[in-house]
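**Q** Quick one: this structure, given as structure tokens, is what I'll be asking you about.
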Amino acid sequence: HSQDRVFNFAAGPAILPENVLRKAESELYNWRGSGMSVMEMSHRGKEFLSIIQMAEADLRALLGIPSEYAVLFLQGGATTQFAAVPLNICKPDDPVDYLVTGSWGDKAFKEAQKFCKPKLIWSGKSEKYTKIPSSGELEQSPDARYLHICANETIHGVEFKNYPTPENQNGNLVADMSSNFCSKTVDVSKFGVIYAGAQKNVGPSGVTIVIIRKDLIGNAQRLTPVMLDYKIHAENNSLYNTPPCFGIYMCGLVFEDLLEQGGLKEVEKKNKKKADIIYNAIDESNGFYRCPVEKSVRSLMNVPFTLEKSELEAEFVKEAAKEKMVQLKGHRSVGGMRASIYNAMPLAGVEKLVAFMKDFQARHA
Ligand code: PLP
């Protein structure tokens with residue numbers, strides 16, 4: 001970690017691996033002898049085709065994506081997928097289930113109401129989104145086309161450790177993995193659709209990745225705009241229109257870096273270690289710091305915490321920033337603090353934060 005860089009605890013756009021940024025810098029002006037920047041290339045030229053194909057191949061290797069699944073590099077953020085999912089995966093009258101464990105899941109549920117009649121089968125709202133239900137607590141609709149979940153709630157810091165199974169044989173699990181994508185191993189074959197905005201773990205904003213089982217493609221509702229129709233994008237290998245070329249290139253560099261680290265098993269180990277260090281510091285602070293989330297479902301990626309003396313929170317954030325630890329303020333809807341510790345956050349950043357927390361407590365207890 002270079003001295004001129006801060007430790008950026010932002011929820012997204014977020015910290016990227018320094019070696020990836022350096023590699024991009026070294027190729028910025030003239031990509032591998034092409035005489036062009038990736039930003040200047042035709043998306044249909046052989047150079048960019050090699051970039052997008054390599055990005056897809058590396059992502060397939062990382063996640064072990066089976067060949068029955070398509071990988072799409074799209075635009076519009078995960079928010080666009082809140083609409084694209086119902087438009088592609090169900091008809092207006094089909095039953096579909098939503099399990100809401102935080103504000104992102106809630107947004108997805110509300111957007112789906114425009115295109116179908118989603119049923120809210122569980123909500124953590126009354127418990128301030130600090131829990132994840134066990135499969136036994138769910139009353140799924142017997143004939144639901146899909147069950148939608150948010151794998152990791154970025155604002156509330158709750159993360160599924162075991163995924164529910166749709167009860168219906170023809171039901172599909174659909175997951176918004178925006179904030180824990182590529183942070184750990186996943187059995188893709190358990191899902192119908194996985195989608196994620198890139199700007200947390202795998203690249204800059206502007207790229208949204210969709211992984212979809214191919215038999216679910218091709219049944220979009222009649223009014224679906226072309227840009228939201230998975231079939232159009234799948235048939236054109238994500239090149240129906242001009243894709244976010246530079247962003248896809250950056251994601252490719254991140255995938256390569258994750259593979260070089262030994263793949264997602266290794267990445268997951270590092271992420272567990274980092275998260276443990278922060279949660280332990282919170283739990284061992286005698287209540288000076290608190291994390292409201294039930295221990296068994298605490299996120300490895302986003303650690304929300306409050307100060308018992310809430311009047312000190314602004315001071316905490318300000319002092320941390322002076323020590324080059326930035327973006328620790330919690331989301332405006334929940335307050336407190338939040339440390340997002342995505343793949344690219346070095347262990348040293350987490351250690352520095354915990355040392356600061358202890359020092360801050362010693363000075364203010
Ligand atoms: N879903 C989750 C879990 C998120 O964390 C976010 C953004 O922070 C979104 C969806 C919305 O993503 P986007 O801004 O890419 O539309």
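Ligands are numbered from 1 in the order shown, chains are lettered A, B, ... in the order of the structure tokens, and residues start at 1 in each chain.
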Using backbone DSSP assignments, extract all helix (DSSP H, G or I) residues from region 156-306 of chain A; output them as a PyMOL selection string.
**A** chain A and resi 188-190+214-216+226-228+230-235+245-260+264-283+295-297
**Q** With ligand 1 as the partner and 6 Å as the cut-off, tabulate the residues of chain A that qualify, each row holding the nearest pair of atoms and their distance in Å to one decimal, using only C-alpha atoms and all ligand atoms, sorted by chain and rising number, as JSON lines.
**A**
```
{"residue": "A:Gly77", "atom": "CA", "partner": "ligand 1", "partner_atom_place_in_ligand_line": "15 (O)", "distance": 3.3}
{"residue": "A:Ala78", "atom": "CA", "partner": "ligand 1", "partner_atom_place_in_ligand_line": "16 (O)", "distance": 4.0}
{"residue": "A:Thr79", "atom": "CA", "partner": "ligand 1", "partner_atom_place_in_ligand_line": "16 (O)", "distance": 3.7}
{"residue": "A:Trp104", "atom": "CA", "partner": "ligand 1", "partner_atom_place_in_ligand_line": "1 (N)", "distance": 5.1}
{"residue": "A:Asn152", "atom": "CA", "partner": "ligand 1", "partner_atom_place_in_ligand_line": "3 (C)", "distance": 6.0}
{"residue": "A:Glu153", "atom": "CA", "partner": "ligand 1", "partner_atom_place_in_ligand_line": "3 (C)", "distance": 5.2}
{"residue": "A:Thr154", "atom": "CA", "partner": "ligand 1", "partner_atom_place_in_ligand_line": "5 (O)", "distance": 4.6}
{"residue": "A:Asp176", "atom": "CA", "partner": "ligand 1", "partner_atom_place_in_ligand_line": "1 (N)", "distance": 6.0}
{"residue": "A:Ser178", "atom": "CA", "partner": "ligand 1", "partner_atom_place_in_ligand_line": "3 (C)", "distance": 4.8}
{"residue": "A:Ser179", "atom": "CA", "partner": "ligand 1", "partner_atom_place_in_ligand_line": "5 (O)", "distance": 5.2}
{"residue": "A:Gly197", "atom": "CA", "partner": "ligand 1", "partner_atom_place_in_ligand_line": "15 (O)", "distance": 4.6}
```
**Q** What is the CA of Val293 (chain A)-CA of Tyr98 (chain A) distance in Å, reported with one decimal?
**A**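 Computing it gives 20.8 Å between the two atoms.
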**Q** Extract, using only C-alpha atoms, all DNA, RNA and protein residues at most 8 Å from Tyr146 (chain A), discarding same-chain residues fewer than 5 positions from it, and format them as an MDAnalysis selection string.
**A** chainID A and resid 89 96:97 166 171:174
**Q** Select, from A:Met357, A:Ile51, A:Val267, A:Met345, the residue with the minimum atom-to-atom distance to Val317 (chain A), counting only C-alpha atoms.
**A**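 Closest to Val317 (chain A) of all the choices is A:Met357.
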**Q** Nearest residue to Gly218 (chain A) out of A:Phe316, A:Tyr342, A:Phe48, A:Tyr230, using only C-alpha atoms?
**A**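 Among the listed residues, the smallest separation from Gly218 (chain A) belongs to A:Tyr230.
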**Q** Need the shell around region 66-72 of chain A: protein/DNA/RNA residues with any atom at most 8 Å away, counting only C-alpha atoms. Skip same-chain ones fewer than 3 positions apart. Format as a list in words?
**A**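 In the requested form, the answer reads Glu56, Arg60, Val188, Ser189, Ile209, Val210, Ile211, Ile212, Arg213, Lys214, His233, Ala234, Asn237 and Ser238 of chain A.
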**Q** Under the rule that only C-alpha atoms are counted, which of A:Ser42, A:Asn280, A:Asn302, A:Gln261 is the nearest residue to Asn19 (chain A)?
**A** A:Gln261
**Q** Of the candidates A:Pro243, A:Pro304, A:Pro133, A:Gly252, which shows the shortest atom-to-atom distance to Phe160 (chain A), using only C-alpha atoms?
**A**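 The shortest atom-to-atom distance to Phe160 (chain A) comes from A:Pro133.
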**Q** Got a sec: who's within 9 Å of Pro142 (chain A), counting only C-alpha atoms, leaving out chain neighbours fewer than 5 positions off, as an MDAnalysis selection string?
**A** chainID A and resid 95 167:168 171
**Q** Between CA of Pro204 (chain A) and CA of Leu28 (chain A), what is the spacing in Å?
**A**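 The value is 15.1 Å.
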**Q** May I ask which of the residues A:Ala84, A:Val326, A:Ala321, A:Ala362 is the closest one to Lys231 (chain A), counting only C-alpha atoms?
**A** A:Ala84
**Q** Between A:Gly64, A:Gly192, A:Gly102, A:Gly136, which residue has the minimum interatomic distance to Val85 (chain A), considering only C-alpha atoms?
**A**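 Smallest separation from Val85 (chain A) among the options: A:Gly192.
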**Q** Near region 74-76 of chain A, within 6 Å and counting only C-alpha atoms, which residues show up once chain neighbours fewer than 6 positions away are dropped, as a ChimeraX atom specification?
**A** /A:206-208
**Q** Please produce an output containing N, CA and C atoms for each residue in the selection, written as an mmCIF file, in the first residue's frame.
**A**
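Below is the file that was written, out33.cif:
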```cif
data_model
loop_
_atom_site.group_PDB
_atom_site.id
_atom_site.type_symbol
_atom_site.label_atom_id
_atom_site.label_comp_id
_atom_site.auth_asym_id
_atom_site.auth_seq_id
_atom_site.Cartn_x
_atom_site.Cartn_y
_atom_site.Cartn_z
ATOM 1 N N GLY A 206 -20.466 1.339 -13.683
ATOM 2 C CA GLY A 206 -20.769 1.388 -15.121
ATOM 3 C C GLY A 206 -20.884 0.018 -15.747
ATOM 4 N N VAL A 207 -20.425 -1.009 -15.055
ATOM 5 C CA VAL A 207 -20.556 -2.385 -15.557
ATOM 6 C C VAL A 207 -21.455 -3.152 -14.590
ATOM 7 N N THR A 208 -22.411 -3.865 -15.132
ATOM 8 C CA THR A 208 -23.230 -4.759 -14.320
ATOM 9 C C THR A 208 -23.090 -6.151 -14.917
#
```
**Q** Can you tell me, as JSON, numbers by chain, what residues are no more than 10 Å from Ser135 (chain A) when counting only C-alpha atoms, ignoring any on the same chain fewer than 3 positions away?
**A** {"A": [132, 138, 139, 140, 162, 163, 164, 165, 166, 167]}
**Q** Residues of region 65-175 of chain A in strand (DSSP E) according to DSSP, as a ChimeraX atom specification?
**A** /A:69-74,95-100,117-123,146-150,152-153,158-159,172-175
**Q** Take the selection from the previous step and output its residues with N, CA and C atoms, as a short mmCIF file (atom, residue, chain, number, x, y, z; two decimals), in the first residue's frame.
**A**
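Wrote selection.cif, looks like this:
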```cif
data_model
loop_
_atom_site.label_atom_id
_atom_site.label_comp_id
_atom_site.auth_asym_id
_atom_site.auth_seq_id
_atom_site.Cartn_x
_atom_site.Cartn_y
_atom_site.Cartn_z
N TYR A 69 -24.69 -21.68 -18.38
CA TYR A 69 -24.96 -20.30 -17.95
C TYR A 69 -24.32 -19.31 -18.91
N ALA A 70 -25.05 -18.20 -19.18
CA ALA A 70 -24.49 -17.10 -19.96
C ALA A 70 -23.96 -16.05 -19.00
N VAL A 71 -22.91 -15.38 -19.43
CA VAL A 71 -22.35 -14.25 -18.67
C VAL A 71 -22.55 -13.00 -19.51
N LEU A 72 -23.20 -12.01 -18.93
CA LEU A 72 -23.47 -10.76 -19.66
C LEU A 72 -22.81 -9.58 -18.96
N PHE A 73 -22.21 -8.70 -19.75
CA PHE A 73 -21.64 -7.46 -19.22
C PHE A 73 -22.54 -6.31 -19.67
N LEU A 74 -23.32 -5.78 -18.74
CA LEU A 74 -24.35 -4.81 -19.09
C LEU A 74 -24.10 -3.45 -18.42
N PRO A 95 -46.79 -15.93 -10.03
CA PRO A 95 -46.37 -15.67 -8.66
C PRO A 95 -44.85 -15.68 -8.55
N VAL A 96 -44.32 -14.68 -7.84
CA VAL A 96 -42.88 -14.66 -7.55
C VAL A 96 -42.71 -14.20 -6.10
N ASP A 97 -41.65 -14.69 -5.46
CA ASP A 97 -41.43 -14.39 -4.04
C ASP A 97 -40.21 -13.50 -3.83
N TYR A 98 -40.33 -12.57 -2.89
CA TYR A 98 -39.20 -11.73 -2.50
C TYR A 98 -38.96 -11.87 -1.00
N LEU A 99 -37.69 -12.02 -0.68
CA LEU A 99 -37.29 -12.12 0.72
C LEU A 99 -36.46 -10.87 0.98
N VAL A 100 -36.92 -10.03 1.89
CA VAL A 100 -36.29 -8.72 2.04
C VAL A 100 -35.51 -8.62 3.35
N LYS A 117 -46.64 -9.41 -9.76
CA LYS A 117 -47.25 -9.25 -8.44
C LYS A 117 -46.39 -9.99 -7.41
N PRO A 118 -45.25 -9.40 -7.07
CA PRO A 118 -44.34 -10.10 -6.17
C PRO A 118 -44.94 -10.24 -4.78
N LYS A 119 -44.65 -11.35 -4.14
CA LYS A 119 -45.13 -11.56 -2.78
C LYS A 119 -43.95 -11.41 -1.82
N LEU A 120 -44.16 -10.61 -0.81
CA LEU A 120 -43.12 -10.43 0.21
C LEU A 120 -43.27 -11.58 1.21
N ILE A 121 -42.36 -12.56 1.14
CA ILE A 121 -42.56 -13.73 2.00
C ILE A 121 -41.84 -13.60 3.34
N TRP A 122 -40.97 -12.62 3.45
CA TRP A 122 -40.30 -12.38 4.75
C TRP A 122 -39.65 -11.01 4.67
N SER A 123 -39.76 -10.27 5.74
CA SER A 123 -39.06 -8.98 5.79
C SER A 123 -38.42 -8.79 7.16
N TYR A 146 -39.79 -17.51 -9.27
CA TYR A 146 -38.47 -17.31 -8.68
C TYR A 146 -38.57 -16.76 -7.28
N LEU A 147 -37.48 -16.92 -6.56
CA LEU A 147 -37.33 -16.36 -5.22
C LEU A 147 -36.16 -15.38 -5.29
N HIS A 148 -36.44 -14.12 -4.99
CA HIS A 148 -35.38 -13.10 -5.07
C HIS A 148 -34.80 -12.80 -3.69
N ILE A 149 -33.48 -12.77 -3.62
CA ILE A 149 -32.81 -12.38 -2.38
C ILE A 149 -31.70 -11.36 -2.70
N CYS A 150 -31.27 -10.65 -1.68
CA CYS A 150 -30.07 -9.82 -1.81
C CYS A 150 -29.00 -10.52 -0.95
N ASN A 152 -26.05 -9.95 0.00
CA ASN A 152 -25.36 -9.15 1.02
C ASN A 152 -25.96 -7.75 1.00
N GLU A 153 -26.55 -7.37 2.11
CA GLU A 153 -27.15 -6.03 2.19
C GLU A 153 -26.07 -5.03 2.59
N VAL A 158 -25.90 -7.36 6.54
CA VAL A 158 -26.35 -8.73 6.75
C VAL A 158 -26.10 -9.55 5.48
N GLU A 159 -25.58 -10.74 5.67
CA GLU A 159 -25.16 -11.55 4.52
C GLU A 159 -25.65 -12.98 4.68
N ASN A 172 -36.73 -20.59 -9.30
CA ASN A 172 -35.33 -20.23 -9.50
C ASN A 172 -34.89 -19.26 -8.43
N LEU A 173 -33.70 -19.47 -7.94
CA LEU A 173 -33.16 -18.52 -6.97
C LEU A 173 -32.48 -17.39 -7.75
N VAL A 174 -32.87 -16.17 -7.45
CA VAL A 174 -32.30 -14.99 -8.12
C VAL A 174 -31.63 -14.14 -7.04
N ALA A 175 -30.37 -13.81 -7.25
CA ALA A 175 -29.66 -13.09 -6.20
C ALA A 175 -28.97 -11.82 -6.70
#
```
**Q** To one decimal in Å, tell me the separation between CA of Met177 (chain A) and CA of Thr242 (chain A).
**A**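 Straight-line distance from CA of Met177 (chain A) to CA of Thr242 (chain A) works out to 24.4 Å.
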